[in-house]
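Structure data (compact mmCIF, C-alpha atoms) from start.txt:
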# COMPACT_ATOMS: atom_id res chain seq x y z
CA MET G 1 -89.33 283.74 90.20
CA ILE G 2 -89.60 282.47 86.63
CA ILE G 3 -86.61 282.23 84.34
CA SER G 4 -87.99 282.51 80.83
CA ILE G 5 -86.11 281.30 77.79
CA LEU G 6 -86.98 282.78 74.40
CA GLY G 7 -85.50 282.22 70.97
CA LEU G 8 -86.28 281.60 67.34
CA SER G 9 -86.96 278.06 66.11
CA GLY G 10 -83.76 276.02 66.20
CA SER G 11 -81.88 278.37 68.53
CA GLY G 12 -81.36 275.65 71.16
CA LYS G 13 -83.95 276.66 73.76
CA ASP G 14 -84.92 273.11 74.76
CA THR G 15 -81.33 271.89 75.02
CA ILE G 16 -80.33 274.83 77.19
CA CYS G 17 -83.47 274.71 79.34
CA ASN G 18 -83.08 270.97 80.01
CA ALA G 19 -79.38 271.33 80.90
CA ILE G 20 -79.99 274.21 83.30
CA SER G 21 -82.86 272.36 84.92
CA LYS G 22 -80.64 269.34 85.48
CA ASP G 23 -77.53 271.28 86.55
CA LEU G 24 -79.31 273.62 88.97
CA ASP G 25 -82.27 271.41 89.93
CA ILE G 26 -84.85 273.95 88.75
CA PRO G 27 -88.24 272.60 87.63
CA ILE G 28 -89.39 273.28 84.09
CA ILE G 29 -92.91 274.56 83.55
CA ILE G 30 -94.40 272.08 81.12
CA SER G 31 -96.77 273.70 78.64
CA HIS G 32 -99.96 272.15 77.35
CA THR G 33 -100.48 271.73 73.62
CA THR G 34 -102.96 270.26 71.18
CA ARG G 35 -100.28 269.44 68.60
CA PRO G 36 -99.10 265.86 68.18
CA PRO G 37 -95.62 264.88 69.43
CA ARG G 38 -92.92 265.58 66.82
CA SER G 39 -91.01 262.39 67.57
CA GLN G 40 -90.68 259.54 70.03
CA GLU G 41 -88.39 261.83 72.04
CA GLU G 42 -91.32 264.05 73.00
CA VAL G 43 -92.98 262.38 75.96
CA ASP G 44 -96.42 263.27 77.33
CA ASN G 45 -96.21 265.07 80.70
CA ASN G 46 -92.48 265.51 80.23
CA THR G 47 -91.90 267.51 77.04
CA TYR G 48 -95.48 268.80 76.86
CA HIS G 49 -98.86 267.90 78.23
CA PHE G 50 -100.46 266.70 74.98
CA VAL G 51 -104.17 267.46 75.38
CA SER G 52 -107.32 268.02 73.34
CA ASP G 53 -109.02 271.23 72.29
CA ASP G 54 -111.75 270.28 74.78
CA PHE G 55 -109.21 270.43 77.60
CA PHE G 56 -108.28 274.00 76.61
CA GLU G 57 -111.95 274.97 76.47
CA ASN G 58 -112.86 273.32 79.79
CA GLU G 59 -109.79 274.76 81.57
CA LYS G 60 -109.64 278.18 79.87
CA ASP G 61 -109.87 280.06 83.18
CA ASN G 62 -106.92 278.08 84.58
CA PHE G 63 -104.43 279.07 81.89
CA ILE G 64 -101.99 281.87 82.64
CA GLU G 65 -101.34 282.31 78.94
CA GLN G 66 -102.53 280.72 75.72
CA ARG G 67 -101.59 281.07 72.07
CA THR G 68 -102.56 279.46 68.80
CA TYR G 69 -100.63 278.72 65.64
CA GLU G 70 -101.99 277.91 62.21
CA VAL G 71 -99.66 275.25 60.83
CA LYS G 72 -99.21 273.44 57.53
CA THR G 73 -99.11 269.67 57.78
CA PRO G 74 -96.85 267.60 55.48
CA ASP G 75 -99.87 266.99 53.24
CA ASP G 76 -100.32 270.80 52.95
CA LYS G 77 -103.44 271.03 55.12
CA CYS G 78 -103.87 273.73 57.73
CA GLU G 79 -104.38 272.91 61.41
CA ILE G 80 -104.69 275.05 64.51
CA TRP G 81 -102.41 274.08 67.39
CA ARG G 82 -102.88 275.55 70.82
CA TYR G 83 -100.24 276.06 73.49
CA GLY G 84 -100.61 277.36 77.02
CA ILE G 85 -99.28 277.44 80.55
CA HIS G 86 -101.75 276.03 83.07
CA LYS G 87 -101.73 277.30 86.66
CA ASP G 88 -101.09 273.74 87.90
CA SER G 89 -97.76 273.67 86.02
CA ILE G 90 -96.16 276.33 88.23
CA LYS G 91 -94.03 275.10 91.13
CA ASP G 92 -92.90 277.02 94.19
CA ASP G 93 -89.73 279.12 94.23
CA VAL G 94 -87.85 279.20 90.92
CA ASN G 95 -89.18 277.82 87.62
CA LEU G 96 -87.84 277.61 84.07
CA VAL G 97 -90.08 278.07 81.05
CA ILE G 98 -89.76 278.37 77.28
CA VAL G 99 -92.07 281.03 75.87
CA ASP G 100 -92.39 283.40 72.94
CA PRO G 101 -92.67 287.20 73.38
CA PRO G 102 -96.48 287.25 73.74
CA GLY G 103 -96.21 284.46 76.34
CA LEU G 104 -93.56 286.48 78.19
CA CYS G 105 -95.92 289.47 78.32
CA GLU G 106 -98.68 287.29 79.76
CA LEU G 107 -96.31 285.93 82.43
CA GLU G 108 -95.18 289.46 83.30
CA ASN G 109 -98.80 290.59 83.57
CA HIS G 110 -99.73 287.63 85.77
CA PHE G 111 -96.68 287.47 88.09
CA GLY G 112 -95.29 291.00 87.78
CA LYS G 113 -92.34 291.96 85.59
CA PRO G 114 -89.79 291.91 88.45
CA ASN G 115 -90.56 288.20 89.00
CA ILE G 116 -89.68 287.19 85.43
CA ILE G 117 -86.09 287.01 84.14
CA PRO G 118 -86.00 286.75 80.33
CA PHE G 119 -83.07 285.18 78.45
CA TYR G 120 -82.99 285.44 74.67
CA ILE G 121 -81.08 282.62 72.95
CA HIS G 122 -79.48 283.97 69.78
CA CYS G 123 -77.77 282.24 66.89
CA SER G 124 -77.46 282.84 63.18
CA ASP G 125 -80.13 281.85 60.67
CA GLU G 126 -77.64 279.44 59.08
CA ILE G 127 -77.02 277.56 62.35
CA ARG G 128 -80.73 277.47 63.16
CA MET G 129 -81.50 275.95 59.75
CA GLN G 130 -78.76 273.34 60.24
CA ARG G 131 -80.36 272.37 63.55
CA LEU G 132 -83.83 272.18 62.02
CA VAL G 133 -82.46 269.89 59.31
CA GLN G 134 -80.64 267.71 61.89
CA ARG G 135 -83.78 267.18 63.93
CA GLY G 136 -85.84 266.40 60.84
CA ASP G 137 -88.02 269.51 60.74
CA THR G 138 -87.29 270.17 57.08
CA LYS G 139 -89.31 267.13 56.02
CA ASN G 140 -92.14 269.67 56.05
CA LEU G 141 -90.52 272.67 54.38
CA ALA G 142 -93.78 274.64 54.25
CA GLU G 143 -94.04 274.39 58.05
CA VAL G 144 -90.40 275.44 58.54
CA LYS G 145 -90.99 278.51 56.37
CA ARG G 146 -94.19 279.29 58.26
CA ARG G 147 -92.37 279.03 61.60
CA GLN G 148 -89.52 281.26 60.41
CA HIS G 149 -91.97 283.88 59.17
CA ASP G 150 -94.00 283.65 62.39
CA ASP G 151 -90.81 283.92 64.48
CA ASN G 152 -89.79 287.08 62.62
CA LEU G 153 -93.17 288.67 63.34
CA ARG G 154 -93.41 287.57 66.98
CA PHE G 155 -89.84 288.46 67.91
CA LYS G 156 -89.24 291.70 65.95
CA ASP G 157 -90.34 294.19 68.62
CA PHE G 158 -88.99 292.04 71.46
CA ILE G 159 -85.51 291.88 69.91
CA GLU G 160 -85.48 295.61 69.12
CA LYS G 161 -86.55 296.49 72.67
CA GLY G 162 -83.60 294.58 74.13
CA ASP G 163 -85.19 294.06 77.56
CA TYR G 164 -83.56 290.66 78.17
CA TYR G 165 -80.26 288.90 78.77
CA LYS G 166 -78.81 287.81 75.44
CA ILE G 167 -77.14 284.41 75.28
CA HIS G 168 -75.16 283.44 72.17
CA ASN G 169 -75.58 279.82 71.08
CA GLU G 170 -73.71 279.47 67.82
CA TYR G 171 -71.60 276.33 68.13
CA GLU G 172 -70.85 275.02 71.62
CA VAL G 173 -74.07 274.75 73.59
CA GLU G 174 -72.00 274.27 76.77
CA ASN G 175 -70.79 277.86 76.42
CA ALA G 176 -74.36 279.16 76.27
CA ILE G 177 -75.35 277.02 79.26
CA ASN G 178 -72.38 278.26 81.29
CA GLU G 179 -73.12 281.87 80.32
CA MET G 180 -76.70 281.53 81.46
CA GLU G 181 -75.89 279.72 84.71
CA TYR G 182 -73.52 282.48 85.76
Is it possible to express this structure as structure tokens?
Amino acid sequence: MIISILGLSGSGKDTICNAISKDLDIPIIISHTTRPPRSQEEVDNNTYHFVSDDFFENEKDNFIEQRTYEVKTPDDKCEIWRYGIHKDSIKDDVNLVIVDPPGLCELENHFGKPNIIPFYIHCSDEIRMQRLVQRGDTKNLAEVKRRQHDDNLRFKDFIEKGDYYKIHNEYEVENAINEMEY
């Protein structure tokens, strides 16, 4: 079984996922990405597997799902960042993973919909922006705007469909964690 956590940028997905993993001793599926670490807090093989484009090409048949994002760097250049879940990242029994709606569809196609439990982490746009500012994401305002626009496109149909458990994460993250654990 895979517990999937979805939410817009700044909704608290990582915080909630890490707490549930620790509290319930559930392994987190660590995605691969070609993007550089955002900060010293992102550790290779812990937060993500930071790899090259060549790795994605050489291992393309071993990825359960892959996605790309065109991003704006602080110097206003465009880069393509790849993300994906490699077959080797899946553990036995129960796993936690953070995905977007297209990634969720790929997991459902690969493992079967009954084996995936989606949780959507919701909070207001105002709270999400406060969190993005707190973690320093707004140093690159063009990228924040791109992510918000991309989130709106990727999540629109998913949110309208409502085929998930909705977790509210406005102020006290402990409340969202407790709601999800029970």
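Across the model, the gap from CA of Pro118 in chain G to CA of Gly162 in chain G is 10.3 Å.
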**Prompt:** So, counting all atoms listed in the file, which residue among G:Trp81, G:Asn95, G:Leu6, G:Arg67 is closest to Ile159 in chain G?
**Reply:**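 Ranked by minimum distance to Ile159 in chain G, first place goes to G:Leu6.
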**Asked** If you count all atoms listed in the file, which residues fall within 12 Å of Lys166 in chain G, apart from same-chain ones fewer than 6 positions away, as a ChimeraX atom specification?
**Response** /G:4-7,117-123,158-159,176-177,179-180
**Message:** Report as a PyMOL selection string all protein, DNA and RNA residues lying within 12 Å of range 33-44 of chain G, evaluated on all atoms listed in the file, omitting residues in the same chain fewer than 2 positions from it.
**Reply:** chain G and resi 14+30-31+46-57+63+65-73+79-86+135-137+139-140
Using C-alpha atoms, can you write the selected residues to a file as a short mmCIF file (atom, residue, chain, number, x, y, z; two decimals), in the coordinates of the input?
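result.cif, freshly written:
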data_model
loop_
_atom_site.label_atom_id
_atom_site.label_comp_id
_atom_site.auth_asym_id
_atom_site.auth_seq_id
_atom_site.Cartn_x
_atom_site.Cartn_y
_atom_site.Cartn_z
CA ASP G 14 -84.92 273.11 74.76
CA ILE G 30 -94.40 272.08 81.12
CA SER G 31 -96.77 273.70 78.64
CA ASN G 46 -92.48 265.51 80.23
CA THR G 47 -91.90 267.51 77.04
CA TYR G 48 -95.48 268.80 76.86
CA HIS G 49 -98.86 267.90 78.23
CA PHE G 50 -100.46 266.70 74.98
CA VAL G 51 -104.17 267.46 75.38
CA SER G 52 -107.32 268.02 73.34
CA ASP G 53 -109.02 271.23 72.29
CA ASP G 54 -111.75 270.28 74.78
CA PHE G 55 -109.21 270.43 77.60
CA PHE G 56 -108.28 274.00 76.61
CA GLU G 57 -111.95 274.97 76.47
CA PHE G 63 -104.43 279.07 81.89
CA GLU G 65 -101.34 282.31 78.94
CA GLN G 66 -102.53 280.72 75.72
CA ARG G 67 -101.59 281.07 72.07
CA THR G 68 -102.56 279.46 68.80
CA TYR G 69 -100.63 278.72 65.64
CA GLU G 70 -101.99 277.91 62.21
CA VAL G 71 -99.66 275.25 60.83
CA LYS G 72 -99.21 273.44 57.53
CA THR G 73 -99.11 269.67 57.78
CA GLU G 79 -104.38 272.91 61.41
CA ILE G 80 -104.69 275.05 64.51
CA TRP G 81 -102.41 274.08 67.39
CA ARG G 82 -102.88 275.55 70.82
CA TYR G 83 -100.24 276.06 73.49
CA GLY G 84 -100.61 277.36 77.02
CA ILE G 85 -99.28 277.44 80.55
CA HIS G 86 -101.75 276.03 83.07
CA ARG G 135 -83.78 267.18 63.93
CA GLY G 136 -85.84 266.40 60.84
CA ASP G 137 -88.02 269.51 60.74
CA LYS G 139 -89.31 267.13 56.02
CA ASN G 140 -92.14 269.67 56.05
#
**Message:** Around (-82.5, 270.4, 60.3), as given in the file, which residues come within 12 Å? Count all atoms listed in the file and list them as a ChimeraX atom specification.
**Reply:** /G:9-11,125-141,144
Same residues, C-alpha atoms, saved as a PDB file, in the frame of the given file:
ATOM      1  CA  SER G   9     -86.960 278.060  66.110  1.00  0.00           C
ATOM      2  CA  GLY G  10     -83.760 276.020  66.200  1.00  0.00           C
ATOM      3  CA  SER G  11     -81.880 278.370  68.530  1.00  0.00           C
ATOM      4  CA  ASP G 125     -80.130 281.850  60.670  1.00  0.00           C
ATOM      5  CA  GLU G 126     -77.640 279.440  59.080  1.00  0.00           C
ATOM      6  CA  ILE G 127     -77.020 277.560  62.350  1.00  0.00           C
ATOM      7  CA  ARG G 128     -80.730 277.470  63.160  1.00  0.00           C
ATOM      8  CA  MET G 129     -81.500 275.950  59.750  1.00  0.00           C
ATOM      9  CA  GLN G 130     -78.760 273.340  60.240  1.00  0.00           C
ATOM     10  CA  ARG G 131     -80.360 272.370  63.550  1.00  0.00           C
ATOM     11  CA  LEU G 132     -83.830 272.180  62.020  1.00  0.00           C
ATOM     12  CA  VAL G 133     -82.460 269.890  59.310  1.00  0.00           C
ATOM     13  CA  GLN G 134     -80.640 267.710  61.890  1.00  0.00           C
ATOM     14  CA  ARG G 135     -83.780 267.180  63.930  1.00  0.00           C
ATOM     15  CA  GLY G 136     -85.840 266.400  60.840  1.00  0.00           C
ATOM     16  CA  ASP G 137     -88.020 269.510  60.740  1.00  0.00           C
ATOM     17  CA  THR G 138     -87.290 270.170  57.080  1.00  0.00           C
ATOM     18  CA  LYS G 139     -89.310 267.130  56.020  1.00  0.00           C
ATOM     19  CA  ASN G 140     -92.140 269.670  56.050  1.00  0.00           C
ATOM     20  CA  LEU G 141     -90.520 272.670  54.380  1.00  0.00           C
ATOM     21  CA  VAL G 144     -90.400 275.440  58.540  1.00  0.00           C
TER      22      VAL G 144
END
**Request:** Considering all atoms listed in the file, return as a list in words whatever protein or nucleic-acid residues lie within 12 Å of Phe111 in chain G, sequence-local ones (same chain, fewer than 6 positions apart) excluded.
**Result:**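 Contacts, in chain order: Met1, Ile2, Ile3, Ile64, Glu65, Lys87, Ile90, Leu104, Cys105 and Ile117 of chain G.
Here CA of Val97 in chain G stands at a distance of 10.2 Å from CA of Ile26 in chain G.
Using all atoms listed in the file, the shortest contact distance between Ile116 in chain G and any of G:Glu172, G:Asp93, G:Asp75, G:Glu160 is found at G:Asp93.
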